[in-house]
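Just my_file.txt here, compact mmCIF, C-alpha atoms and all ligand atoms:
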# COMPACT_ATOMS: atom_id res chain seq x y z
CA MET W 80 10.59 -16.23 -1.62
CA MET W 81 11.99 -18.24 1.27
CA GLU W 82 13.89 -17.30 4.38
CA ASN W 83 16.99 -19.22 5.25
CA GLU W 84 16.06 -21.21 8.32
CA SER W 85 19.59 -21.03 9.63
CA GLY W 86 19.34 -17.21 9.86
CA ALA W 87 21.55 -14.48 8.42
CA CYS W 88 24.40 -15.21 6.03
CA GLY W 89 27.55 -13.18 5.38
CA THR W 90 27.50 -11.09 2.21
CA GLY W 91 31.20 -11.11 1.44
CA ARG W 92 31.02 -7.50 0.19
CA SER W 93 34.14 -5.37 0.33
CA GLY W 94 34.28 -2.24 2.51
CA GLU W 95 34.50 -0.11 -0.63
CA TYR W 96 31.36 -1.66 -2.04
CA ARG W 97 29.53 -1.19 1.27
CA GLU W 98 30.45 2.51 1.28
CA ALA W 99 29.16 3.04 -2.30
CA ALA W 100 26.00 1.11 -1.43
CA SER W 101 25.29 3.16 1.68
CA GLU W 102 25.86 6.39 -0.27
CA ALA W 103 23.36 5.25 -2.93
CA ILE W 104 20.84 4.30 -0.23
CA ALA W 105 21.29 7.58 1.68
CA GLY W 106 20.91 9.48 -1.63
CA LEU W 107 17.67 7.67 -2.39
CA ALA W 108 16.22 8.39 1.07
CA ALA W 109 17.17 12.07 0.67
CA ARG W 110 15.46 12.25 -2.76
CA ILE W 111 12.27 10.62 -1.46
CA ALA W 112 12.27 12.98 1.55
CA GLU W 113 12.74 15.95 -0.79
CA GLU W 114 9.82 14.84 -2.98
CA ILE W 115 7.59 14.55 0.09
CA ARG W 116 8.69 17.96 1.41
CA GLU W 117 7.87 19.55 -1.95
CA ASN W 118 4.60 17.78 -2.81
CA GLY W 119 3.28 16.28 0.43
CA PRO W 120 2.86 12.60 1.33
CA ILE W 121 3.25 10.10 -1.53
CA GLY W 122 1.30 6.90 -2.19
CA PHE W 123 2.89 3.72 -0.87
CA ASP W 124 3.08 2.46 -4.48
CA ARG W 125 5.30 5.42 -5.36
CA PHE W 126 7.48 4.77 -2.30
CA MET W 127 7.80 1.04 -3.12
CA GLY W 128 8.54 1.79 -6.79
CA LEU W 129 11.40 4.12 -5.82
CA ALA W 130 12.71 1.82 -3.08
CA LEU W 131 12.95 -1.11 -5.50
CA TYR W 132 13.56 0.44 -8.93
CA ASP W 133 15.00 3.98 -8.60
CA PRO W 134 17.82 3.90 -11.21
CA ALA W 135 20.51 5.08 -8.76
CA GLY W 136 19.52 3.66 -5.37
CA GLY W 137 16.70 1.15 -5.92
CA TYR W 138 17.10 -2.29 -4.36
CA TYR W 139 16.89 -4.14 -7.70
CA ALA W 140 18.45 -1.40 -9.85
CA ARG W 141 21.68 -0.84 -7.98
CA ARG W 142 23.16 -4.37 -8.00
CA THR W 143 22.56 -8.06 -8.62
CA GLY W 144 22.92 -10.84 -6.06
CA GLN W 145 19.67 -10.39 -4.12
CA VAL W 146 18.63 -14.00 -4.75
CA GLY W 147 20.45 -17.00 -3.24
CA ARG W 148 22.61 -17.93 -0.27
CA GLU W 149 24.75 -14.79 -0.42
CA GLY W 150 21.74 -12.56 -1.00
CA ASP W 151 18.52 -11.79 0.84
CA PHE W 152 16.11 -14.61 -0.08
CA PHE W 153 15.76 -17.88 -1.96
CA THR W 154 13.36 -18.53 -4.84
CA SER W 155 12.46 -21.70 -6.75
CA VAL W 156 15.32 -20.81 -9.10
CA SER W 157 17.89 -20.91 -6.30
CA ALA W 158 16.67 -24.38 -5.28
CA GLY W 159 18.58 -25.85 -8.27
CA PRO W 160 18.27 -26.45 -12.03
CA LEU W 161 15.18 -28.65 -11.77
CA PHE W 162 12.71 -25.75 -11.86
CA GLY W 163 14.14 -24.74 -15.25
CA LEU W 164 14.19 -28.34 -16.46
CA LEU W 165 10.50 -28.80 -15.68
CA ILE W 166 9.51 -25.45 -17.21
CA ALA W 167 11.51 -26.45 -20.31
CA ARG W 168 9.30 -29.56 -20.63
CA HIS W 169 6.16 -27.40 -20.50
CA LEU W 170 7.60 -25.01 -23.09
CA THR W 171 8.54 -27.88 -25.41
CA GLN W 172 4.99 -29.19 -25.20
CA PHE W 173 3.70 -25.71 -26.12
CA TRP W 174 6.04 -25.57 -29.15
CA GLU W 175 4.83 -29.00 -30.26
CA ASP W 176 1.16 -28.03 -29.73
CA CYS W 177 1.75 -24.97 -31.96
CA GLY W 178 2.89 -27.32 -34.77
CA ARG W 179 6.64 -26.90 -34.14
CA PRO W 180 6.96 -23.42 -35.74
CA ASP W 181 10.31 -22.47 -37.37
CA ARG W 182 10.52 -19.44 -35.11
CA TRP W 183 9.11 -19.16 -31.63
CA ARG W 184 9.90 -17.24 -28.48
CA VAL W 185 10.24 -17.66 -24.76
CA LEU W 186 9.90 -14.24 -23.15
CA GLU W 187 11.16 -14.08 -19.58
CA LEU W 188 10.42 -11.25 -17.18
CA GLY W 189 12.32 -10.61 -13.95
CA ALA W 190 15.19 -12.82 -15.14
CA HIS W 191 17.50 -11.43 -12.44
CA ASP W 192 21.03 -12.80 -13.17
CA GLY W 193 19.85 -15.15 -15.96
CA ARG W 194 19.99 -18.37 -13.96
CA LEU W 195 16.46 -19.57 -14.82
CA ALA W 196 17.06 -18.76 -18.51
CA GLU W 197 20.24 -20.82 -18.40
CA ASP W 198 18.46 -23.75 -16.73
CA ILE W 199 15.65 -23.65 -19.31
CA LEU W 200 18.02 -23.33 -22.29
CA ASP W 201 20.16 -26.20 -20.99
CA HIS W 202 17.12 -28.49 -20.95
CA LEU W 203 15.27 -27.74 -24.20
CA PRO W 204 15.60 -30.38 -26.93
CA GLU W 205 17.86 -29.49 -29.89
CA ASP W 206 15.05 -29.05 -32.45
CA ALA W 207 13.01 -26.69 -30.22
CA LEU W 208 16.18 -24.79 -29.32
CA ALA W 209 17.19 -24.34 -32.96
CA ALA W 210 13.92 -22.49 -33.68
CA LEU W 211 13.89 -20.47 -30.44
CA GLU W 212 14.43 -16.82 -29.64
CA TYR W 213 14.86 -16.60 -25.86
CA ALA W 214 14.09 -12.99 -25.07
CA ILE W 215 14.46 -11.29 -21.70
CA LEU W 216 12.59 -8.10 -20.99
CA GLU W 217 14.84 -6.22 -18.60
CA PRO W 218 14.49 -2.51 -17.96
CA LEU W 219 17.33 -2.35 -15.38
CA PRO W 220 20.81 -1.92 -16.97
CA LYS W 221 22.78 -3.68 -14.19
CA LEU W 222 20.56 -6.76 -14.34
CA ALA W 223 20.71 -6.71 -18.18
CA ALA W 224 24.53 -6.65 -17.96
CA ALA W 225 24.54 -9.64 -15.58
CA GLN W 226 22.21 -11.55 -17.92
CA ALA W 227 24.41 -10.74 -20.93
CA GLU W 228 27.51 -11.87 -19.05
CA ARG W 229 25.98 -15.22 -18.09
CA LEU W 230 24.13 -15.97 -21.33
CA GLY W 231 25.91 -14.10 -24.15
CA ASP W 232 24.24 -14.67 -27.52
CA ARG W 233 21.96 -17.41 -26.21
CA VAL W 234 19.44 -14.64 -25.42
CA ARG W 235 18.11 -11.37 -26.75
CA ILE W 236 17.73 -8.71 -24.07
CA ALA W 237 15.17 -5.95 -24.62
CA GLY W 238 14.68 -2.91 -22.39
CA ASP W 239 11.10 -2.33 -23.46
CA ALA W 240 8.18 -4.47 -24.70
CA GLY W 241 7.90 -2.12 -27.71
CA ASP W 242 11.32 -3.34 -28.94
CA LEU W 243 9.90 -6.85 -29.58
CA GLU W 244 7.77 -7.87 -32.55
CA PRO W 245 5.06 -10.52 -31.93
CA LEU W 246 6.06 -14.20 -32.38
CA PRO W 247 4.41 -17.47 -31.36
CA GLY W 248 5.59 -17.84 -27.81
CA MET W 249 5.18 -18.11 -24.08
CA LEU W 250 6.03 -15.64 -21.32
CA VAL W 251 7.58 -17.03 -18.14
CA ALA W 252 7.92 -15.06 -14.90
CA ASN W 253 8.81 -16.25 -11.45
CA GLU W 254 8.08 -13.94 -8.50
CA VAL W 255 7.61 -10.77 -10.54
CA LEU W 256 4.00 -9.93 -9.60
CA ASP W 257 4.77 -9.82 -5.87
CA ALA W 258 7.49 -7.25 -6.63
CA LEU W 259 5.11 -4.85 -8.43
CA PRO W 260 4.37 -1.75 -6.35
CA CYS W 261 1.13 -1.92 -4.36
CA ARG W 262 -1.07 0.62 -2.57
CA LEU W 263 -1.86 0.37 1.11
CA VAL W 264 -5.31 0.75 2.66
CA GLU W 265 -6.63 0.65 6.20
CA SER W 266 -10.19 0.28 7.42
CA ASP W 267 -11.61 2.65 10.06
CA GLY W 268 -14.58 0.32 10.53
CA SER W 269 -16.91 2.31 8.26
CA GLU W 270 -14.70 2.84 5.17
CA TRP W 271 -11.27 2.17 3.69
CA ASN W 272 -8.64 4.91 3.77
CA GLU W 273 -5.47 4.95 1.72
CA LEU W 274 -2.18 5.09 3.60
CA GLY W 275 0.61 7.15 2.10
CA VAL W 276 4.15 7.90 3.20
CA ALA W 277 5.15 11.11 5.00
CA CYS W 278 8.54 12.12 6.32
CA GLU W 279 9.90 13.80 9.44
CA MET W 280 13.40 14.94 10.31
CA VAL W 281 14.78 13.42 13.51
CA ARG W 282 18.09 13.60 15.31
CA GLY W 283 19.89 10.53 16.54
CA LEU W 284 18.91 8.07 13.82
CA ARG W 285 22.40 7.88 12.37
CA SER W 286 24.37 9.93 14.94
CA ALA W 287 23.53 12.08 17.98
CA SER W 288 24.08 15.40 16.16
CA GLU W 289 22.95 14.60 12.62
CA GLU W 290 19.37 15.01 11.40
CA ALA W 291 18.03 12.24 9.17
CA SER W 292 14.69 11.58 7.51
CA ARG W 293 12.31 9.07 9.02
CA PHE W 294 9.40 7.84 6.90
CA THR W 295 6.01 7.30 8.51
CA TYR W 296 2.55 6.28 7.33
CA GLN W 297 -0.07 9.00 6.92
CA SER W 298 -3.70 8.75 5.83
CA LEU W 299 -4.41 10.14 2.35
CA GLY W 300 -8.18 10.04 2.93
CA PRO W 301 -10.91 7.74 1.54
CA ALA W 302 -9.50 5.00 -0.71
CA ALA W 303 -12.58 4.51 -2.93
CA PRO W 304 -12.82 3.56 -5.79
CA LEU W 305 -9.59 1.58 -5.24
CA THR W 306 -11.28 -0.63 -2.67
CA GLU W 307 -14.64 -1.16 -4.39
CA SER W 308 -14.17 -4.94 -4.70
CA LEU W 309 -12.97 -5.36 -1.10
CA PRO W 310 -15.31 -6.41 1.70
CA LEU W 311 -15.30 -3.88 4.55
CA ARG W 312 -13.19 -5.07 7.47
CA PRO W 313 -12.98 -4.05 11.16
CA ALA W 314 -11.17 -0.86 12.21
CA GLY W 315 -7.40 -1.22 12.06
CA TYR W 316 -7.41 -3.92 9.33
CA ARG W 317 -4.57 -3.00 6.97
CA THR W 318 -3.91 -4.55 3.58
CA GLU W 319 -2.61 -3.98 0.07
CA VAL W 320 -4.25 -3.43 -3.33
CA ARG W 321 -2.64 -3.45 -6.76
CA ASP W 322 -4.37 -1.33 -9.39
CA ASN W 323 -1.46 -1.63 -11.84
CA PHE W 324 -1.90 -5.21 -13.11
CA GLU W 325 -3.74 -4.16 -16.26
CA SER W 326 -1.32 -1.41 -17.30
CA PHE W 327 1.54 -3.82 -16.61
CA LEU W 328 -0.01 -6.65 -18.70
CA LYS W 329 -1.29 -4.62 -21.64
CA PRO W 330 2.04 -4.11 -23.48
CA LEU W 331 2.90 -7.80 -22.99
CA SER W 332 -0.41 -9.23 -24.14
CA GLY W 333 0.23 -8.71 -27.88
CA LEU W 334 3.67 -10.31 -27.81
CA VAL W 335 2.94 -13.96 -26.91
CA GLN W 336 0.07 -16.49 -26.98
CA ARG W 337 0.66 -17.85 -23.49
CA MET W 338 1.84 -16.55 -20.15
CA LEU W 339 3.00 -18.58 -17.16
CA TRP W 340 3.15 -16.72 -13.86
CA PHE W 341 4.59 -18.29 -10.69
CA ASP W 342 4.07 -16.48 -7.42
CA TYR W 343 2.73 -16.60 -3.89
CA GLY W 344 -0.73 -15.25 -3.21
CA PHE W 345 -4.40 -16.07 -2.83
CA GLU W 346 -7.79 -15.66 -4.45
CA ARG W 347 -9.53 -12.48 -3.24
CA ASP W 348 -11.69 -14.08 -0.51
CA ASP W 349 -8.67 -15.65 1.07
CA TYR W 350 -6.43 -12.60 0.59
CA TYR W 351 -8.84 -10.32 2.44
CA ALA W 352 -9.90 -12.88 5.04
CA ASP W 353 -10.68 -11.58 8.55
CA SER W 354 -7.62 -13.33 9.90
CA ARG W 355 -5.15 -11.49 7.63
CA ALA W 356 -5.63 -8.19 9.47
CA GLU W 357 -2.05 -6.98 9.01
CA GLY W 358 -1.82 -7.68 5.28
CA THR W 359 1.02 -9.48 3.55
CA LEU W 360 3.58 -6.71 3.09
CA ARG W 361 7.07 -8.00 4.01
CA THR W 362 10.70 -7.04 3.68
CA PHE W 363 13.64 -9.40 3.23
CA HIS W 364 17.21 -8.67 4.15
CA LYS W 365 19.94 -11.30 4.55
CA HIS W 366 17.34 -14.04 4.83
CA ARG W 367 15.36 -12.37 7.56
CA ALA W 368 11.73 -11.37 7.03
CA ASP W 369 10.39 -8.19 8.64
CA ASP W 370 7.39 -5.95 8.18
CA ASN W 371 8.65 -2.36 8.13
CA PRO W 372 9.19 -1.35 4.48
CA LEU W 373 9.65 2.32 5.41
CA GLN W 374 12.97 1.58 7.02
CA SER W 375 15.94 2.11 4.73
CA PRO W 376 14.45 2.28 1.20
CA GLY W 377 16.84 0.70 -1.33
CA GLU W 378 18.39 -1.68 1.16
CA LEU W 379 15.54 -4.14 1.70
CA ASP W 380 13.45 -6.20 -0.64
CA ILE W 381 9.76 -5.23 -0.37
CA THR W 382 7.06 -7.68 -1.41
CA ALA W 383 3.35 -8.30 -1.01
CA HIS W 384 1.36 -11.39 -1.98
CA VAL W 385 -0.61 -11.47 -5.24
CA ASP W 386 -4.41 -11.15 -5.32
CA PHE W 387 -4.89 -13.72 -8.09
CA THR W 388 -8.53 -12.74 -8.55
CA ALA W 389 -7.44 -9.19 -9.40
CA PHE W 390 -4.75 -10.57 -11.69
CA ARG W 391 -7.27 -12.83 -13.46
CA GLU W 392 -9.52 -9.78 -14.01
CA ALA W 393 -6.57 -7.91 -15.54
CA VAL W 394 -5.82 -10.87 -17.85
CA GLU W 395 -9.44 -10.82 -19.03
CA ALA W 396 -9.45 -7.02 -19.44
CA CYS W 397 -6.41 -7.45 -21.73
CA GLY W 398 -8.25 -10.01 -23.89
CA GLY W 399 -6.75 -13.14 -22.28
CA GLN W 400 -8.23 -16.20 -20.65
CA VAL W 401 -6.92 -18.04 -17.61
CA ILE W 402 -6.49 -21.74 -18.48
CA ARG W 403 -4.73 -22.94 -15.34
CA PHE W 404 -4.57 -21.84 -11.71
CA GLU W 405 -3.13 -24.35 -9.28
CA ASN W 406 -0.41 -24.75 -6.72
CA GLN W 407 3.18 -25.22 -7.83
CA SER W 408 3.28 -28.77 -6.49
CA ARG W 409 0.45 -29.94 -8.73
CA PHE W 410 1.81 -28.17 -11.80
CA LEU W 411 5.37 -29.44 -11.47
CA THR W 412 4.19 -32.96 -10.65
CA GLU W 413 2.04 -33.03 -13.78
CA VAL W 414 4.71 -31.52 -16.02
CA GLY W 415 7.42 -33.75 -14.53
CA ARG W 416 5.51 -37.05 -14.44
CA GLU W 417 7.55 -38.78 -17.19
CA TRP W 418 10.79 -37.34 -15.86
CA LEU W 419 9.95 -38.66 -12.37
CA LEU W 420 9.21 -42.12 -13.79
CA SER W 421 12.57 -42.09 -15.59
CA LEU W 422 14.28 -41.71 -12.20
CA GLU W 423 12.65 -44.83 -10.75
CA GLY W 424 15.16 -47.30 -9.38
CA ARG W 425 18.11 -44.87 -9.57
CA THR W 426 20.06 -44.48 -6.33
CA ASP W 427 23.11 -42.59 -7.64
CA PRO W 428 23.94 -39.23 -5.96
CA ASP W 429 22.84 -37.16 -9.01
CA ALA W 430 19.39 -38.75 -9.00
CA LEU W 431 19.03 -38.36 -5.22
CA LYS W 432 19.97 -34.69 -5.52
CA LEU W 433 17.30 -34.15 -8.17
CA VAL W 434 14.71 -35.88 -6.01
CA ARG W 435 15.61 -33.59 -3.07
CA ASN W 436 15.35 -30.62 -5.42
CA PHE W 437 11.91 -31.82 -6.55
CA GLN W 438 10.79 -32.14 -2.93
CA THR W 439 11.89 -28.54 -2.16
CA LEU W 440 9.84 -27.29 -5.11
CA THR W 441 6.75 -29.36 -4.43
CA HIS W 442 6.51 -30.24 -0.73
CA PRO W 443 3.58 -28.38 0.89
CA GLY W 444 5.82 -27.36 3.80
CA GLN W 445 8.34 -25.76 1.42
CA LEU W 446 7.41 -24.17 -1.93
CA GLY W 447 4.72 -26.55 -3.14
CA SER W 448 1.52 -25.11 -1.72
CA ARG W 449 2.45 -21.49 -0.98
CA PHE W 450 3.35 -20.90 -4.62
CA HIS W 451 0.80 -20.88 -7.40
CA VAL W 452 0.94 -21.05 -11.17
CA MET W 453 -1.41 -19.05 -13.33
CA GLU W 454 -1.33 -19.77 -17.05
CA ALA W 455 -3.23 -17.59 -19.50
CA ARG W 456 -3.77 -17.72 -23.23
CA PHE W 457 -3.92 -14.65 -25.48
CA ASP W 458 -4.82 -16.11 -28.88
C1 LIG W 501 11.80 -11.46 -6.47
S1 LIG W 501 12.79 -11.10 -7.85
C2 LIG W 501 12.67 -12.65 -8.72
C3 LIG W 501 13.89 -12.95 -9.56
C4 LIG W 501 13.87 -14.26 -10.35
N1 LIG W 501 12.74 -14.34 -11.26
C5 LIG W 501 13.84 -15.46 -9.41
O1 LIG W 501 12.82 -16.10 -9.30
O2 LIG W 501 14.87 -15.75 -8.78
C6 LIG W 501 11.73 -10.00 -8.75
C7 LIG W 501 12.30 -9.56 -10.08
O3 LIG W 501 11.25 -8.95 -10.84
C8 LIG W 501 11.81 -7.87 -11.57
N2 LIG W 501 10.74 -6.98 -12.03
C9 LIG W 501 9.83 -6.30 -11.30
N3 LIG W 501 9.03 -5.56 -12.09
C10 LIG W 501 9.42 -5.80 -13.37
C11 LIG W 501 8.98 -5.33 -14.65
N4 LIG W 501 7.96 -4.47 -14.76
N5 LIG W 501 9.63 -5.78 -15.75
C12 LIG W 501 10.65 -6.65 -15.65
N6 LIG W 501 11.12 -7.12 -14.46
C13 LIG W 501 10.51 -6.70 -13.34
C14 LIG W 501 12.78 -7.26 -10.56
O4 LIG W 501 13.73 -6.41 -11.17
C15 LIG W 501 13.40 -8.51 -9.97
O5 LIG W 501 14.52 -8.91 -10.72
Will you turn the file into structure tokens for me?
Ligand SMILES: C[S@@+](CC[C@H](N)C(=O)[O-])C[C@H]1O[C@@H](n2cnc3c(N)ncnc32)[C@H](O)[C@@H]1O
Amino acid sequence: MMENESGACGTGRSGEYREAASEAIAGLAARIAEEIRENGPIGFDRFMGLALYDPAGGYYARRTGQVGREGDFFTSVSAGPLFGLLIARHLTQFWEDCGRPDRWRVLELGAHDGRLAEDILDHLPEDALAALEYAILEPLPKLAAAQAERLGDRVRIAGDAGDLEPLPGMLVANEVLDALPCRLVESDGSEWNELGVACEMVRGLRSASEEASRFTYQSLGPAAPLTESLPLRPAGYRTEVRDNFESFLKPLSGLVQRMLWFDYGFERDDYYADSRAEGTLRTFHKHRADDNPLQSPGELDITAHVDFTAFREAVEACGGQVIRFENQSRFLTEVGREWLLSLEGRTDPDALKLVRNFQTLTHPGQLGSRFHVMEARFD
């Protein structure tokens, strides 16, 4: 995920759309407030799950268009078609290594509006394409509709992993793990406590006379055993933990032989380093990053970096084995070596554009070193 260095962009939404969107967002906030009033404070993972995926008001569920210039953030996909082209080369190699089966599958997760799928499909060789089922696992109906509109019968869209039978294949997912709900913990110097979300009614948030709900953090008590693999940190150190990687991976692990995950994050030692005392939780809205996810659930993207050590443990617990963990720059340079050589000597605008695209994806100052690739095998 990248901010736009030039700052906020216009959204081009109509007034009517804005009204419907603010109603959906207000409705979501009211439902979360109601749940807290009835049952007490909720875990941050529950709050994040509702803020992003609530069917009526969730940030990802209620519309498309979050990614790209007109949206809230850029990803490697919005940098241009090259990301898909290079992934297509890796997938073709996989198909060849499997002995060129008559039927094979690419399974994409978090396909958003189908752009990466389109870029991959446009760059697979004819023979690999003829044998391919490109499946997208998409639980959100609005995103599934956008994918169907863009890709038609080039893809199969499934709402649930259980709808797919196993096939030789590879899963591809860009920036999905960072969007999985996480739990929040804070050290008091002698132990970790979990932070949940409470709610208070205040006047003057939206207008002087109207009461509105304001969400606040509240301790839920000792976080153990959630934090058993974390080193204790000084009082006030706040961070995130995901305990849902294994349950998320399990239904996927029987469907493909390989998985390729792109995301930003660190190994555990680095993730919970002394210096990262405020964690990695961020929001994105119109290309601006902020750090208050409690503000306006449904309107902002919420993300936290990936603890790749925890993810590796989940892969192993699901019977898989990590065969690659490296930064995006190294991976794409290796996969694209022959393609890069084929560009040598070309000075035409198309070639120069592709080279710029490659630099965005691989330069350490842009996406190259912040993003990592984890590949796992499940056969
Ligand atoms: C940051 S966006 C990335 C979109 C796209 N892959 C890209 O790189 O531009 C995260 C996406 O992950 C999807 N997502 C999160 N959890 C998911 C899950 N359990 N199954 C499928 N998609 C999921 C969200 O709906 C959202 O579309």
All residues having an atom within 6 Å of ligand LIG 501 (chain W) (all atoms listed in the file) as a CSV table (one decimal) with C-alpha atoms, in the coordinates of the input:
chain,number,residue,atom,x,y,z
W,139,TYR,CA,16.9,-4.1,-7.7
W,146,VAL,CA,18.6,-14.0,-4.8
W,154,THR,CA,13.4,-18.5,-4.8
W,156,VAL,CA,15.3,-20.8,-9.1
W,188,LEU,CA,10.4,-11.2,-17.2
W,189,GLY,CA,12.3,-10.6,-14.0
W,190,ALA,CA,15.2,-12.8,-15.1
W,191,HIS,CA,17.5,-11.4,-12.4
W,216,LEU,CA,12.6,-8.1,-21.0
W,217,GLU,CA,14.8,-6.2,-18.6
W,253,ASN,CA,8.8,-16.2,-11.4
W,254,GLU,CA,8.1,-13.9,-8.5
W,255,VAL,CA,7.6,-10.8,-10.5
W,258,ALA,CA,7.5,-7.2,-6.6
W,259,LEU,CA,5.1,-4.8,-8.4
Practice task
Choose the residue, out of W:Pro310, W:Gly447, W:Gly178, W:Gly377, that has the smallest atom-to-atom separation from Tyr351 of chain W; count all atoms listed in the file.
Solution key: W:Pro310
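Candidate residues W:Leu419, W:Val281, W:Leu263, W:Ile402 were compared for distance to Arg125 of chain W, and the nearest is W:Leu263, using all atoms listed in the file.
The space between atom CA of Pro304 of chain W and atom CA of Ile381 of chain W spans 24.8 Å.
In terms of minimum interatomic distance to Phe387 of chain W, W:Leu256 ranks closest within W:Leu256, W:Leu328, W:Met338, W:Leu203, counting all atoms listed in the file.
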Problem - Residue neighbourhood Met280 of chain W, 10 Å, all atoms listed in the file, exclusion window fewer than 4 positions, as a ChimeraX atom specification - result: /W:112,284,289-294
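Coordinates place atom CA of Phe173 of chain W at a distance of 17.1 Å from atom CA of Thr412 of chain W.
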Residues proximal to (-4.4, -18.8, -13.6) were defined as those with any atom within 7 Å of that point in the file's coordinates, counting only C-alpha atoms. Which are they, as a tab-separated table (two decimals) with C-alpha atoms, in the frame of the given file?
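Result went into out.tsv, see below:
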chain	number	residue	atom	x	y	z
W	391	ARG	CA	-7.27	-12.83	-13.46
W	401	VAL	CA	-6.92	-18.04	-17.61
W	402	ILE	CA	-6.49	-21.74	-18.48
W	403	ARG	CA	-4.73	-22.94	-15.34
W	404	PHE	CA	-4.57	-21.84	-11.71
W	452	VAL	CA	0.94	-21.05	-11.17
W	453	MET	CA	-1.41	-19.05	-13.33
W	454	GLU	CA	-1.33	-19.77	-17.05
W	455	ALA	CA	-3.23	-17.59	-19.50
Handout entry: Separation of atom CA of Trp183 of chain W from atom CA of Leu170 of chain W in Å
Key = 10.5 Å
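For the set W:Leu200, W:Leu379, W:Ala302, W:Ile215, the residue with the smallest atom-to-atom gap to Arg367 of chain W is W:Leu379, counting all atoms listed in the file.
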Skipping near chain neighbours, those fewer than 6 positions away, what residues fall within 10 Å of Arg179 of chain W using all atoms listed in the file, listed as an mmCIF file with C-alpha atoms, keeping the file's coordinate frame?
data_model
loop_
_atom_site.group_PDB
_atom_site.id
_atom_site.type_symbol
_atom_site.label_atom_id
_atom_site.label_comp_id
_atom_site.auth_asym_id
_atom_site.auth_seq_id
_atom_site.Cartn_x
_atom_site.Cartn_y
_atom_site.Cartn_z
ATOM 1 C CA THR W 171 8.540 -27.880 -25.410
ATOM 2 C CA GLN W 172 4.990 -29.190 -25.200
ATOM 3 C CA PHE W 173 3.700 -25.710 -26.120
ATOM 4 C CA ASP W 206 15.050 -29.050 -32.450
ATOM 5 C CA ALA W 207 13.010 -26.690 -30.220
ATOM 6 C CA ALA W 210 13.920 -22.490 -33.680
#
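Considering all atoms listed in the file, the residue among W:Glu98, W:Asp370, W:Asp239, W:Glu325 positioned nearest to Val394 of chain W is W:Glu325.
Comparing the minimum interatomic distances between Ala252 of chain W and each of W:Ala396, W:Ile166, W:Ala352, W:Leu446, counting only C-alpha atoms, we find that W:Ile166 sits nearest.
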Exercise for the section: Would you kindly return, as a PyMOL selection string, each protein, DNA or RNA residue with an atom no farther than 7 Å from any atom of Leu186 of chain W, considering only C-alpha atoms and excluding same-chain residues fewer than 2 positions away? Expected result: chain W and resi 184+188+213-215+249-251
Practice task
Please identify all polymer residues within 9 Å of Leu309 of chain W, counting only C-alpha atoms, omitting same-chain residues fewer than 2 positions from it, and present them as a ChimeraX atom specification.
Solution key: /W:305-307,311-312,347-348,351
Kindly save the residues from that selection, with C-alpha atoms included, as a PDB file, in the frame of the given file.
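Wrote it out as out35.pdb, contents follow:
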ATOM      1  CA  LEU W 305      -9.590   1.580  -5.240  1.00  0.00           C
ATOM      2  CA  THR W 306     -11.280  -0.630  -2.670  1.00  0.00           C
ATOM      3  CA  GLU W 307     -14.640  -1.160  -4.390  1.00  0.00           C
ATOM      4  CA  LEU W 311     -15.300  -3.880   4.550  1.00  0.00           C
ATOM      5  CA  ARG W 312     -13.190  -5.070   7.470  1.00  0.00           C
ATOM      6  CA  ARG W 347      -9.530 -12.480  -3.240  1.00  0.00           C
ATOM      7  CA  ASP W 348     -11.690 -14.080  -0.510  1.00  0.00           C
ATOM      8  CA  TYR W 351      -8.840 -10.320   2.440  1.00  0.00           C
TER       9      TYR W 351
END
Handout entry: Surrounding residues of segment 319-321 of chain W excluding itself and chain neighbours under 4 positions, 7 Å, only C-alpha atoms, as a ChimeraX atom specification
Key = /W:261-264,358
